[in-house]
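Written out below as structure tokens is the structure these notes cover.
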Number of protein chains: 2
Amino acid sequence: MAKENKTKYAILGVLSLKPASGYDIKKFCDETIAHFWQENYGHIYPVLKQLEEEQWVEKKTEISEGKLKHVYSITARGRERLVEWLSVQPEVTKPRYEFLLKMFFSKDIPAQMVIQRLNESKILCQSILKQYESMEQKIKMGLANKTCLESGWAYRYSTLRYGILDLKAKIAWCDETIALINRVSNQDEEEGL
Amino acid sequence: MAKENKTKYAILGVLSLKPASGYDIKKFCDETIAHFWQENYGHIYPVLKQLEEEQWVEKKTEISEGKLKHVYSITARGRERLVEWLSVQPEVTKPRYEFLLKMFFSKDIPAQMVIQRLNESKILCQSILKQYESMEQKIKMGLANKTCLESGWAYRYSTLRYGILDLKAKIAWCDETIALINRVSNQDEEEGL
DNA sequence: CGACCCATGTAAGCAGTTACATGATTGC
DNA sequence: GCAATCATGTAACTGCTTACATGGGTCG
């Protein structure tokens with residue numbers, strides 16, 4: 001019943017790269033996979049406890065510089081589960097796009113307001129796209145220097161590429177939608193005269 | 001605290017078009033906005049009750065052909081709330097893409113399996129794209145016949161266009177990612193020799 | 001001395017999903 | 001007679017979010 005807990009596998013994935021604490025996991029999510037995945041402490045810590053009970057991960061408590069740190073590492077059993085999960089074709093995610101919901105019902109607000117919102121969205125997308133593209137450049141330079149040729153770079157790179165293609169599509173959509181609404185609302189005015 | 005209930009506004013939006021029962025609302029979601037929004041009875045009915053208490057909607061009980069039907073219509077107050085919600089720039093949705101999460105951590109499964117999954121995704125996207133494009137054709141024909149020139153068609157049309165551009169981007173991404181993984185795994189083999 | 005990062009966790013609570021329960025009508 | 005569609009709801013449950021609580025270290 002209800003949805004499957006995907007946080008489990010996200011944590012398992014992060015730990016498959018190297019052992020980490022709850023804090024480290026959160027940081028990794030924010031710094032590296034934030035464009036398609038988010039986690040928060042309120043979910044990470046309880047799920048880590050759960051994973052420990054299921055023996056998918058192991059806890060080691062370290063004390064360095066007076067600071068307490070719980071470092072978790074993936075077990076053999078955990079690695080099996082991870083591979084099992086990786087091997088299953090993911091279900092199609094059916095996200096709920098609030099901005100499209102608003103767009104769909106927007107006839108009751110002024111067209112100029114809708115266009116303004118679209119422009120704001122477009123500008124935001126463009127700025128994120130710039131960031132992604134500079135990340136892409138860095139990866140490409142690294143490749144040229146052969147400094148990041150460990151196995152798996154291509155998978156990580158592809159998720160960035162997804163972000164880039166997705167943003168470009170969104171920007172194109174904003175452009176064509178602005179043009180469409182302008183055309184239609186001008187037409188309405190002419191008919192109104 | 002917690003997330004805002006967006007179902008409220010989705011229902012309000014549907015009722016702003018015309019009065020409907022819970023059943024009708026569900027049907028509308030499935031038939032018309034399913035590509036970016038889903039609802040289920042387990043949420044619709046309780047939220048309708050809530051909206052009635054807040055006097056955003058009104059209930060009228062009809063009995064036709066022995067069947068009980070609760071028809072809800074939006075009130076003036078409800079329309080105000082809807083316009084208020086429409087006027088606010090939606091937050092950027094940060095969806096969790098399970099397929100990208102898997103992709104990111106895929107180095108532990110065979111490259112050929114990843115490619116197969118990508119191919120399956122691509123084929124699925126293509127078939128949905130075909131459906132969307134035939135819907136688009138119908139709308140365009142309707143426009144030519146001037147049969148659907150009520151205000152607001154452009155907004156609904158734009159949501160379909162979003163679906164189309166999005167799917168095209170996904171298909172392009174599948175293609176380039178398959179090519180990338182093929183290139184990298186061939187390279188690995190050569191180095192292995 | 002205040003801001004910021006490191007570090008760990010709990011509690012409350014809503015949103016949303018799935019399964020269950022019920023029954024009439026229509027059409028093959 | 002059986003499946004599908006119309007029609008309304010409830011119950012149980014989980015996933016995830018947000019706010020709260022706490023405390024040490026570092027740097028300007």
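Following the order of the structure tokens, first chain is A, next is B, and so on, with residues numbered from 1 inside each chain and ligands from 1 in the order they appear.
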For this session: Write down, as a PyMOL selection string, each residue of chain B that has any atom within 8 Å of an atom of chain A, counting only C-alpha atoms.
Result: chain B and resi 6+10+13+35-38+83+86-87+89-90+93-109+113+117+151-152+154-156+158-159+161-162+165-166+169-170+173+177+180-181+184
Problem set entry | Exercise: DA4 (chain D) partners within 10 Å, only C-alpha atoms (C1' of nucleotides), chain neighbours under 2 positions left out, as a list in words | DT26 and DG27 of chain C; DC2 and DC6 of chain D
Exercise. Would you list which chain B residues are within 12 Å of chain C using only C-alpha atoms (C1' of nucleotides), as an MDAnalysis selection string?
Worked result: chainID B and resid 1:8 38:44 46:47 64:68
Output for the residues just chosen: N, CA and C atoms as a JSON list (two decimals), in the first residue's frame:
```
[["chain", "number", "residue", "atom", "x", "y", "z"],
["B", 1, "MET", "N", 2.64, 24.81, 8.09],
["B", 1, "MET", "CA", 3.49, 23.63, 8.07],
["B", 1, "MET", "C", 3.08, 22.66, 6.94],
["B", 2, "ALA", "N", 3.98, 21.83, 6.55],
["B", 2, "ALA", "CA", 3.76, 20.86, 5.46],
["B", 2, "ALA", "C", 3.39, 21.55, 4.15],
["B", 3, "LYS", "N", 3.17, 20.76, 3.16],
["B", 3, "LYS", "CA", 2.90, 21.32, 1.84],
["B", 3, "LYS", "C", 1.48, 21.83, 1.74],
["B", 4, "GLU", "N", 1.30, 22.80, 0.87],
["B", 4, "GLU", "CA", -0.02, 23.35, 0.61],
["B", 4, "GLU", "C", -0.83, 22.36, -0.21],
["B", 5, "ASN", "N", -2.09, 22.30, 0.10],
["B", 5, "ASN", "CA", -2.98, 21.40, -0.61],
["B", 5, "ASN", "C", -3.34, 21.98, -1.98],
["B", 6, "LYS", "N", -2.74, 21.42, -3.02],
["B", 6, "LYS", "CA", -2.97, 21.94, -4.36],
["B", 6, "LYS", "C", -4.23, 21.39, -4.99],
["B", 7, "THR", "N", -4.69, 20.28, -4.43],
["B", 7, "THR", "CA", -5.92, 19.66, -4.93],
["B", 7, "THR", "C", -7.09, 20.65, -4.85],
["B", 8, "LYS", "N", -7.08, 21.46, -3.80],
["B", 8, "LYS", "CA", -8.12, 22.49, -3.64],
["B", 8, "LYS", "C", -8.25, 23.34, -4.90],
["B", 38, "GLN", "N", -2.92, 14.73, -11.76],
["B", 38, "GLN", "CA", -3.76, 13.57, -11.42],
["B", 38, "GLN", "C", -4.45, 13.81, -10.09],
["B", 39, "GLU", "N", -5.65, 13.29, -10.00],
["B", 39, "GLU", "CA", -6.37, 13.28, -8.72],
["B", 39, "GLU", "C", -7.00, 11.91, -8.54],
["B", 40, "ASN", "N", -7.30, 11.59, -7.30],
["B", 40, "ASN", "CA", -8.03, 10.36, -7.03],
["B", 40, "ASN", "C", -9.17, 10.61, -6.05],
["B", 41, "TYR", "N", -10.15, 9.72, -6.07],
["B", 41, "TYR", "CA", -11.35, 9.89, -5.25],
["B", 41, "TYR", "C", -11.02, 10.10, -3.77],
["B", 42, "GLY", "N", -10.05, 9.36, -3.31],
["B", 42, "GLY", "CA", -9.69, 9.41, -1.90],
["B", 42, "GLY", "C", -9.25, 10.80, -1.44],
["B", 43, "HIS", "N", -8.97, 11.65, -2.39],
["B", 43, "HIS", "CA", -8.61, 13.01, -2.05],
["B", 43, "HIS", "C", -9.69, 13.99, -2.48],
["B", 44, "ILE", "N", -10.31, 13.71, -3.61],
["B", 44, "ILE", "CA", -11.32, 14.63, -4.14],
["B", 44, "ILE", "C", -12.50, 14.79, -3.18],
["B", 46, "PRO", "N", -13.00, 14.18, 0.15],
["B", 46, "PRO", "CA", -12.76, 14.95, 1.39],
["B", 46, "PRO", "C", -12.49, 16.43, 1.12],
["B", 47, "VAL", "N", -11.75, 16.74, 0.07],
["B", 47, "VAL", "CA", -11.43, 18.13, -0.21],
["B", 47, "VAL", "C", -12.67, 18.90, -0.65],
["B", 64, "SER", "N", -31.29, 11.87, -10.66],
["B", 64, "SER", "CA", -31.76, 11.63, -12.02],
["B", 64, "SER", "C", -31.64, 10.15, -12.32],
["B", 65, "GLU", "N", -32.72, 9.60, -12.80],
["B", 65, "GLU", "CA", -32.79, 8.16, -13.11],
["B", 65, "GLU", "C", -32.43, 7.31, -11.89],
["B", 66, "GLY", "N", -32.96, 7.74, -10.77],
["B", 66, "GLY", "CA", -32.73, 6.95, -9.56],
["B", 66, "GLY", "C", -31.33, 7.07, -8.99],
["B", 67, "LYS", "N", -30.44, 7.79, -9.71],
["B", 67, "LYS", "CA", -29.06, 7.92, -9.23],
["B", 67, "LYS", "C", -28.85, 9.21, -8.47],
["B", 68, "LEU", "N", -28.18, 9.07, -7.35],
["B", 68, "LEU", "CA", -27.86, 10.22, -6.52],
["B", 68, "LEU", "C", -26.64, 10.91, -7.09]]
```
With only C-alpha atoms (C1' of nucleotides) counted and 10 Å as the cut-off, give the residues of chain D in contact with chain B, each with its shortest interatomic distance in Å and the pair that gives it, as CSV.
```
residue,atom,partner,partner_atom,distance
D:DC6,C1',B:Tyr23,CA,8.4
D:DA7,C1',B:Tyr23,CA,6.7
D:DT8,C1',B:Tyr23,CA,8.2
D:DG9,C1',B:Tyr45,CA,7.2
D:DT10,C1',B:Gly42,CA,8.4
D:DA11,C1',B:Gly42,CA,10.0
D:DC16,C1',B:Ala2,CA,8.6
D:DT17,C1',B:Ala2,CA,4.9
D:DT18,C1',B:Met1,CA,5.4
D:DA19,C1',B:Met1,CA,7.6
```
Problem set entry | chain B: residues DSSP assigns to alpha helix (DSSP H), reported as a ChimeraX atom specification | /B:7-17,22-28,41-53,76-86,98-104,111-144,153-192
For this session: Please give the complete set of residues from region 47-92 of chain A that DSSP, run on the backbone, assigns to strand (DSSP E or B), formatted as an MDAnalysis selection string.
Result: chainID A and resid 57:64 67:74
Problem set entry | Coordinates-based distance that separates C1' of DT14 (chain D) from CA of Glu54 (chain A) (Å, one decimal) |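 Result for CA of Glu54 (chain A) versus C1' of DT14 (chain D): 18.2 Å, one decimal.
Computed from the coordinates, the CA of Lys59 (chain A) to CA of Val71 (chain A) distance equals 5.7 Å.
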Problem set entry | Two-atom distance - CA of Glu53 (chain A), CA of Ile11 (chain A) (Å) | 14.5 Å
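Comparing A:Ile115, A:Ala20, A:Cys29, A:Leu51 by their smallest distance to Tyr72 (chain A), the closest is A:Ala20 (using only C-alpha atoms).
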